[in-house]
Each structure stands twice: as structure tokens, then as C-alpha cells.
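Pasted below: my_file.txt, compact mmCIF, C-alpha atoms.
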```txt
# COMPACT_ATOMS: atom_id res chain seq x y z
CA MET A 119 -13.37 -14.34 15.69
CA PRO A 120 -11.06 -14.78 18.72
CA PRO A 121 -8.04 -12.48 18.97
CA LEU A 122 -4.78 -13.70 17.46
CA PRO A 123 -2.06 -14.25 20.08
CA ARG A 124 0.36 -11.35 19.71
CA GLU A 125 3.32 -13.74 19.86
CA ARG A 126 2.30 -15.26 16.51
CA VAL A 127 2.91 -11.98 14.65
CA ASP A 128 6.23 -10.22 13.99
CA ALA A 129 5.00 -7.55 11.54
CA CYS A 130 1.87 -6.25 9.80
CA LEU A 131 1.61 -5.58 6.07
CA ILE A 132 -1.45 -3.42 5.44
CA ASP A 133 -3.10 -2.72 2.10
CA LEU A 134 -3.65 0.94 1.23
CA ASP A 135 -6.60 1.66 -1.08
CA GLY A 136 -9.77 0.33 0.54
CA THR A 137 -8.06 -0.43 3.85
CA ILE A 138 -6.21 2.71 4.98
CA TYR A 139 -8.13 5.08 2.70
CA PHE A 140 -10.91 5.06 0.12
CA ALA A 141 -11.70 7.72 -2.48
CA GLY A 142 -8.83 9.78 -1.09
CA LYS A 143 -10.19 9.87 2.45
CA GLU A 144 -8.97 8.06 5.55
CA ILE A 145 -10.96 5.01 6.62
CA PRO A 146 -12.15 6.21 10.06
CA GLY A 147 -9.68 5.17 12.74
CA ALA A 148 -6.97 3.97 10.33
CA ALA A 149 -4.25 6.41 11.39
CA ALA A 150 -4.95 5.78 15.08
CA ALA A 151 -4.85 2.01 14.57
CA VAL A 152 -1.47 2.15 12.82
CA ARG A 153 -0.11 4.40 15.56
CA ARG A 154 -1.31 2.08 18.36
CA ILE A 155 0.19 -0.99 16.70
CA ARG A 156 3.54 0.72 16.23
CA GLU A 157 3.56 2.02 19.80
CA ALA A 158 3.12 -1.59 20.94
CA GLY A 159 6.38 -2.44 19.18
CA LEU A 160 4.93 -4.23 16.15
CA PRO A 161 6.43 -3.08 12.82
CA VAL A 162 3.92 -1.88 10.21
CA ALA A 163 4.44 -1.66 6.45
CA PHE A 164 2.08 -1.00 3.58
CA ALA A 165 1.31 -2.80 0.32
CA THR A 166 -0.38 -1.65 -2.86
CA ASN A 167 -0.84 -2.72 -6.46
CA THR A 168 -1.31 0.82 -7.72
CA THR A 169 0.77 1.80 -10.73
CA ARG A 170 -0.67 5.29 -11.08
CA ARG A 171 1.49 6.92 -8.39
CA PRO A 172 5.12 6.37 -7.37
CA ARG A 173 6.10 5.40 -3.87
CA SER A 174 7.28 8.92 -3.05
CA GLN A 175 3.81 10.31 -3.73
CA LEU A 176 2.11 7.56 -1.73
CA VAL A 177 4.25 8.42 1.30
CA GLU A 178 3.18 12.05 1.10
CA GLU A 179 -0.49 11.07 0.75
CA LEU A 180 -0.26 8.85 3.82
CA ARG A 181 1.32 11.64 5.85
CA ASP A 182 -1.45 14.00 4.78
CA LEU A 183 -3.91 11.49 6.27
CA GLY A 184 -1.98 11.35 9.53
CA VAL A 185 -0.26 8.03 8.80
CA GLU A 186 3.50 8.29 9.20
CA ALA A 187 5.43 6.23 6.66
CA GLN A 188 8.89 5.98 5.15
CA ALA A 189 9.52 5.02 1.52
CA GLN A 190 11.09 1.70 2.53
CA GLU A 191 7.90 0.82 4.42
CA VAL A 192 5.73 1.00 1.29
CA PHE A 193 5.85 -2.11 -0.90
CA THR A 194 4.38 -1.36 -4.30
CA ALA A 195 3.84 -3.62 -7.27
CA PRO A 196 6.02 -1.37 -9.51
CA VAL A 197 8.89 -1.64 -7.00
CA ALA A 198 8.43 -5.41 -6.96
CA ALA A 199 8.49 -5.41 -10.77
CA ALA A 200 11.70 -3.37 -10.89
CA ARG A 201 13.38 -5.76 -8.46
CA TRP A 202 12.19 -8.75 -10.51
CA LEU A 203 13.53 -7.19 -13.71
CA SER A 204 16.92 -6.49 -12.11
CA ALA A 205 17.13 -10.07 -10.87
CA ASN A 206 16.42 -11.24 -14.43
CA GLU A 207 19.13 -9.03 -15.96
CA ALA A 208 16.79 -6.67 -17.77
CA ARG A 209 18.35 -3.74 -19.59
CA ARG A 210 15.66 -2.41 -21.96
CA VAL A 211 11.96 -2.42 -21.06
CA SER A 212 8.74 -1.10 -22.54
CA LEU A 213 6.44 0.40 -19.90
CA LEU A 214 2.66 0.56 -20.07
CA ILE A 215 2.23 2.57 -16.87
CA PRO A 216 1.67 6.28 -16.16
CA GLU A 217 4.77 8.39 -16.71
CA ALA A 218 4.79 9.48 -13.05
CA THR A 219 5.66 5.91 -12.05
CA HIS A 220 8.55 5.62 -14.50
CA GLU A 221 10.84 6.82 -11.70
CA GLU A 222 10.66 3.33 -10.16
CA PHE A 223 12.33 1.99 -13.33
CA SER A 224 15.09 4.59 -13.69
CA VAL A 225 17.87 1.97 -13.80
CA PHE A 226 16.55 0.59 -17.10
CA GLU A 227 16.49 1.92 -20.64
CA ILE A 228 12.84 2.60 -21.42
CA SER A 229 12.05 1.97 -25.07
CA ASP A 230 9.46 0.41 -27.37
CA VAL A 231 12.24 -0.60 -29.78
CA ARG A 232 13.06 -4.29 -29.29
CA PRO A 233 12.64 -4.33 -25.49
CA GLN A 234 13.43 -7.49 -23.55
CA PHE A 235 10.29 -7.07 -21.44
CA VAL A 236 6.88 -5.45 -21.85
CA VAL A 237 5.73 -4.29 -18.40
CA VAL A 238 1.99 -3.71 -18.03
CA GLY A 239 0.24 -1.75 -15.30
CA ASP A 240 -2.83 0.46 -15.25
CA LEU A 241 -2.87 3.32 -17.77
CA GLY A 242 -6.44 4.44 -17.11
CA ARG A 243 -7.57 6.84 -19.84
CA GLU A 244 -4.16 6.59 -21.50
CA TRP A 245 -4.97 3.16 -22.94
CA THR A 246 -5.15 3.36 -26.73
CA PHE A 247 -5.18 0.88 -29.59
CA ASP A 248 -1.74 2.10 -30.69
CA ARG A 249 -0.16 1.47 -27.28
CA LEU A 250 -1.65 -2.02 -27.06
CA ASN A 251 -0.67 -2.83 -30.62
CA THR A 252 2.91 -1.65 -30.09
CA ALA A 253 3.16 -3.86 -27.02
CA PHE A 254 1.66 -6.76 -28.99
CA ARG A 255 4.30 -6.39 -31.71
CA CYS A 256 7.09 -6.27 -29.11
CA LEU A 257 5.82 -9.57 -27.72
CA LEU A 258 5.79 -11.12 -31.20
CA ASP A 259 9.40 -9.97 -31.58
CA GLY A 260 10.37 -11.96 -28.49
CA ALA A 261 9.81 -9.68 -25.49
CA ARG A 262 8.48 -11.28 -22.28
CA LEU A 263 5.20 -10.07 -20.81
CA ILE A 264 5.32 -8.83 -17.20
CA ALA A 265 2.10 -7.96 -15.34
CA ILE A 266 2.74 -5.52 -12.52
CA GLN A 267 -0.76 -6.48 -11.42
CA ARG A 268 -3.81 -7.98 -13.07
CA ASN A 269 -6.73 -6.73 -11.01
CA ARG A 270 -10.00 -6.94 -12.96
CA GLN A 271 -11.43 -3.66 -11.72
CA TRP A 272 -11.04 -0.98 -9.08
CA ASP A 273 -13.15 1.76 -7.57
CA ALA A 274 -11.82 5.21 -6.79
CA GLY A 275 -15.12 6.15 -5.18
CA THR A 276 -16.92 7.00 -8.41
CA GLY A 277 -17.92 3.47 -9.42
CA PRO A 278 -16.14 0.43 -10.88
CA GLN A 279 -13.69 0.92 -13.73
CA LEU A 280 -11.39 -1.36 -15.67
CA ASP A 281 -8.02 -2.09 -14.10
CA ALA A 282 -4.89 -3.60 -15.67
CA GLY A 283 -6.11 -7.22 -15.74
CA PRO A 284 -8.31 -7.01 -18.86
CA PHE A 285 -5.45 -5.44 -20.85
CA VAL A 286 -2.97 -8.08 -19.64
CA ALA A 287 -5.46 -10.74 -20.72
CA ALA A 288 -5.85 -9.11 -24.15
CA LEU A 289 -2.09 -9.15 -24.73
CA GLU A 290 -1.83 -12.76 -23.53
CA TYR A 291 -4.63 -13.85 -25.85
CA ALA A 292 -3.29 -11.99 -28.89
CA SER A 293 0.36 -13.00 -28.48
CA GLY A 294 -0.08 -16.49 -27.03
CA ARG A 295 2.36 -15.55 -24.26
CA GLU A 296 1.57 -15.94 -20.56
CA ALA A 297 2.36 -12.98 -18.32
CA VAL A 298 4.60 -13.22 -15.28
CA LEU A 299 2.74 -11.65 -12.33
CA VAL A 300 4.91 -9.72 -9.86
CA GLY A 301 2.35 -7.77 -7.78
CA LYS A 302 -0.40 -9.01 -5.48
CA PRO A 303 -1.61 -11.79 -5.28
CA SER A 304 1.70 -13.28 -6.45
CA PRO A 305 3.25 -15.19 -3.51
CA ALA A 306 6.60 -13.70 -4.53
CA PHE A 307 5.29 -10.22 -3.66
CA PHE A 308 4.50 -11.21 -0.07
CA GLU A 309 7.69 -13.25 0.27
CA GLN A 310 9.69 -10.20 -0.87
CA ALA A 311 7.89 -8.02 1.68
CA ALA A 312 8.56 -10.49 4.50
CA ALA A 313 12.23 -10.67 3.55
CA SER A 314 12.51 -6.87 3.45
CA LEU A 315 10.92 -6.66 6.91
CA GLY A 316 13.26 -9.35 8.22
CA VAL A 317 10.45 -11.67 9.39
CA ARG A 318 9.42 -15.20 8.51
CA LYS A 319 6.47 -15.19 6.13
CA GLU A 320 4.36 -17.34 8.45
CA ARG A 321 4.66 -14.55 11.03
CA LEU A 322 3.68 -11.74 8.65
CA LEU A 323 0.07 -10.58 9.09
CA VAL A 324 -1.40 -9.25 5.84
CA VAL A 325 -4.51 -7.05 6.18
CA GLY A 326 -6.67 -5.90 3.29
CA ASP A 327 -10.09 -5.49 1.68
CA GLY A 328 -9.22 -7.57 -1.39
CA ILE A 329 -10.19 -11.23 -0.89
CA GLU A 330 -8.25 -12.33 -3.98
CA THR A 331 -5.35 -9.89 -3.95
CA ASP A 332 -4.72 -9.54 -0.22
CA VAL A 333 -6.10 -12.52 1.70
CA ALA A 334 -5.76 -15.28 -0.92
CA GLY A 335 -2.35 -13.96 -1.96
CA ALA A 336 -1.16 -13.93 1.64
CA GLN A 337 -2.42 -17.46 2.25
CA ALA A 338 -0.76 -18.79 -0.91
CA ALA A 339 2.54 -17.31 0.26
CA GLY A 340 2.18 -18.90 3.71
CA CYS A 341 1.38 -15.62 5.50
CA LEU A 342 -1.50 -14.82 7.86
CA GLY A 343 -4.47 -13.10 6.21
CA VAL A 344 -7.07 -10.74 7.70
CA ALA A 345 -9.95 -9.25 5.71
CA VAL A 346 -11.62 -5.90 6.39
CA ARG A 347 -15.18 -5.02 5.36
CA THR A 348 -14.24 -1.73 3.71
CA GLY A 349 -13.26 -0.66 0.20
CA THR A 350 -14.12 -3.39 -2.32
CA PHE A 351 -14.60 -6.23 0.20
CA ASP A 352 -16.82 -8.91 -1.38
CA GLU A 353 -18.38 -11.51 0.94
CA GLU A 354 -19.19 -13.79 -2.00
CA LYS A 355 -15.51 -14.40 -2.68
CA LEU A 356 -14.80 -15.84 0.77
CA PRO A 357 -15.76 -19.47 -0.09
CA ALA A 358 -13.01 -19.57 -2.75
CA LEU A 359 -10.26 -19.09 -0.16
CA LEU A 360 -7.90 -21.96 0.64
CA MET A 361 -8.85 -21.49 4.29
CA PRO A 362 -10.87 -18.96 6.30
CA PRO A 363 -9.12 -15.66 7.09
CA GLU A 364 -7.62 -15.32 10.52
CA ALA A 365 -10.35 -12.72 11.04
CA ILE A 366 -12.86 -10.55 9.21
CA LEU A 367 -12.90 -7.11 10.82
CA ASP A 368 -15.33 -4.28 10.19
CA SER A 369 -12.36 -2.04 9.40
CA ILE A 370 -8.69 -1.50 10.12
CA ALA A 371 -9.77 0.46 13.18
CA GLY A 372 -10.40 -2.85 15.00
CA LEU A 373 -7.01 -4.42 14.24
CA ALA A 374 -5.17 -3.27 17.36
CA ALA A 375 -7.86 -4.57 19.70
CA TRP A 376 -8.03 -7.88 17.81
CA LEU A 377 -4.28 -8.24 18.31
CA GLY A 378 -4.77 -7.67 22.03
CA ILE A 379 -3.19 -4.21 21.91
CA ILE A 380 -4.97 -1.91 24.35
```
Could you show the structure in this file as C-alpha cells?
Amino acid sequence: MPPLPRERVDACLIDLDGTIYFAGKEIPGAAAAVRRIREAGLPVAFATNTTRRPRSQLVEELRDLGVEAQAQEVFTAPVAAARWLSANEARRVSLLIPEATHEEFSVFEISDVRPQFVVVGDLGREWTFDRLNTAFRCLLDGARLIAIQRNRQWDAGTGPQLDAGPFVAALEYASGREAVLVGKPSPAFFEQAAASLGVRKERLLVVGDGIETDVAGAQAAGCLGVAVRTGTFDEEKLPALLMPPEAILDSIAGLAAWLGII
């Protein structure tokens, strides 16, 4: 695909897992690509739906891979959820996320006793019948259901495994309540990122391996979307897009050249 004129882009929002790294290892050329783009004067930020690690840990992991990042440059679905809850005057919330990520919700009272909101992320092996049933009963008592993300599956490099989506769907089905989605591919997630970066959403370039979560989400929000053939990229999902991606690159390593950055 032809390069995108540099003047159409004011900032890049780059997915992490599957785009910058996969199975804990840098996608070859990722750190160099980010560095070249920044040196050309184009702001770079990062986006992720992960609920297993807080933003502080993600920043350290990026630095270990040679990718410099500040906490305010990492937009996570839990951070988006906390901002959404604050905007909706939440005080008491029930969290179905790993305890390490509770720090993103420190301004709220965390309790399973008559919470206003049940917030669901990915608990991995911590999912149990009792935790799901407690959340179900909170919903029946009037709590609202918030999905930090609802990805169907993910791959940490050891093969596909269930993500948060199937558990969100189970709670929706059992309670008859529809979840509010705050992470990718919610347009609100990308709009929030654009606002935080101080750019118009139509000038925010979103780059990721997830056709549904990254590219489709970006397009629905009015942003520019670029797919990379790494991580969990799935060619068969391309026809479902509202429009073709701005580009499909072999990896993030080719982004700078595609933007005309030498």
C-alpha cells in the first residue's frame, strides 16, 4: 500500500501484545521503529486491553525491551475503566481482575457487598464458580456490569486460551444485563486516547495486530487504522472491516518507512 502522507498524522497509538512484543519478547525492530518515529517529531503512545498487569509494570517491561515509555503514554483498558467509573460517580465496585491491577482502582471502595458496579477483566486461572456466582448475585441486586474488555481469546505464546469475553457473556446471559464496554474496541477508548494526546481522532494512527480490537475499533472511532501481520493477526477477519486498513504491514518494524520517515 502507498505510504501515508506524514501531514495526515499527529500521533501514533500502538498496541502492545502482538505488535511491540509477543510471548514476552520484542517483535524484531519494534524498539528501533518507535525510536525513529519519535525522533521525527511524531508522538507515540501505547494501548493495551490487558488486565493482568498494571500500567507501572507495563512501563518497566517496555523499558526492558528497549522501548522508552512514561506511564501517561500507556493507555490501558483498566485505566479507561477507572476513568469511566469516576465520570459515572462510582464509589463502591466489585473487581474481577488480578489483584496486581487493583492499584488502578485505588480511589474506589472495592467490595463484593452491594457494589454499584461489577467490573470484569481477565482472571486467568483465578476464575472460579464462586467468583462468577458472587458477581451474578451482585448484578441481580442492581449492580451494573462493566467489561474492561471482552476479547474472546488470547495467546501468550503457548497456544490460545480463554480471555475475558466468554465470562462477560456468561454474566450477561445469566443476569439479563448488557455490559458496558470501556476497553478496545470501544470507540470511547480511542476517543479518550486522542483527547489525552491532544490530537483530533481523525489524525490519530492506531497500529495493531487485532483486526477487531485495534483496526475495527479505530475505524469506528474515526481514527486511522493500520494492521500488522504479527501476534494474532487473522487475514480472514479483514472482510468484516468497515473499510480497508490504511495499510497492512509485515510488522511494526516497517511503520517508520511507510510514514515516509527515513
Using only C-alpha atoms, find all polymer residues with an atom at most 6 Å away from the point (-6.1, -13.0, 7.3); report them as JSON, numbers by chain. {"A": [333, 342, 343, 344, 345, 363, 364, 365]}
At a cut-off of 7 Å, using only C-alpha atoms, what residues contact range 254-266 of chain A? Leave out same-chain residues fewer than 2 positions from it and give the result as a count of residues only. 24
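When all atoms listed in the file are used to compute distances to Arg210 in chain A, the closest of the residues A:Ala338, A:Val185, A:Ala129, A:Val231 turns out to be A:Val231.
Nearest to Leu183 in chain A of all the residues A:Tyr139, A:Phe226, A:Trp202, A:Trp245 is A:Tyr139, based on all atoms listed in the file.
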Within 9 Å of Ala151 in chain A, counting only C-alpha atoms, which residues show up once you throw out same-chain ones fewer than 3 positions away? Write them as a ChimeraX atom specification, please. /A:147-148,154-156,370-375
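Nearest-residue note for Thr166 in chain A: choosing from A:Lys355, A:Lys302, A:Arg181, A:Arg318, the minimum distance belongs to A:Lys302, counting all atoms listed in the file.
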Give the answer as one residue: which of A:Pro216, A:Gly159, A:Pro278, A:Gly136 has the shortest atom-to-atom distance to Val325 in chain A, using only C-alpha atoms? A:Gly136
Do a neighbour search on Arg126 in chain A at 12 Å with only C-alpha atoms, toss out local chain neighbours closer than 4 positions, and write the hits as an NGL selection string. :A and (121-122 or 130 or 160 or 317-323 or 341-342 or 364 or 377-378)
Determine, using only C-alpha atoms, which residues of range 181-245 of chain A have any atom at most 9 Å from an atom of range 306-313 of chain A, and tabulate each with its shortest atom pair and distance in Å to one decimal place, rows ordered by chain and then rising number, as JSON lines.
```
{"residue": "A:Phe193", "atom": "CA", "partner": "A:Ala311", "partner_atom": "CA", "distance": 6.8}
{"residue": "A:Thr194", "atom": "CA", "partner": "A:Phe307", "partner_atom": "CA", "distance": 8.9}
{"residue": "A:Ala195", "atom": "CA", "partner": "A:Phe307", "partner_atom": "CA", "distance": 7.7}
{"residue": "A:Ala198", "atom": "CA", "partner": "A:Phe307", "partner_atom": "CA", "distance": 6.6}
```
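Computed from the coordinates, the CA of Ser229 in chain A to CA of Asp248 in chain A distance equals 14.9 Å.
In this comparison, which uses only C-alpha atoms, the residue of A:Thr350, A:Arg209, A:Ala200, A:Ser304 approaching Gln271 in chain A most closely is A:Thr350.
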Can you tell me which residues surround Ser369 in chain A at a distance of at most 8 Å, considering only C-alpha atoms, apart from same-chain residues fewer than 6 positions away, and format the answer as a PyMOL selection string? chain A and resi 137+145+346-348
Could those residues be written to a file, using C-alpha atoms, as a short mmCIF file (atom, residue, chain, number, x, y, z; two decimals), in the frame of the given file?
```cif
data_model
loop_
_atom_site.label_atom_id
_atom_site.label_comp_id
_atom_site.auth_asym_id
_atom_site.auth_seq_id
_atom_site.Cartn_x
_atom_site.Cartn_y
_atom_site.Cartn_z
CA THR A 137 -8.06 -0.43 3.85
CA ILE A 145 -10.96 5.01 6.62
CA VAL A 346 -11.62 -5.90 6.39
CA ARG A 347 -15.18 -5.02 5.36
CA THR A 348 -14.24 -1.73 3.71
#
```
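In this structure, CA of Glu290 in chain A sits 22.6 Å away from CA of Glu207 in chain A.
For the residues A:Glu353, A:Glu222, A:Asp332, A:Glu217, ranking by smallest atom-to-atom distance to Leu131 in chain A using only C-alpha atoms places A:Asp332 first.
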CA of Phe164 in chain A to CA of Asp133 in chain A, distance in Å rounded to a single decimal: 5.7 Å
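Every protein or nucleic acid residue with an atom no more than 9 Å from Ala334 in chain A, counting all atoms listed in the file and leaving out same-chain residues fewer than 4 positions away, appears here: Pro303, Gly328, Ile329, Glu330, Ala338, Ala339, Gly343, Ala358, Leu359, Leu360, Met361 and Pro363 of chain A.
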Please return the centre and edge lengths, in Å to one decimal, of a box with edges along x, y and z that contains all listed atoms of range 346-361 of chain A, widened by 4 Å on every side, as JSON.
```
{"center_x": -13.5, "center_y": -11.3, "center_z": 1.8, "size_x": 19.3, "size_y": 29.3, "size_z": 17.1}
```
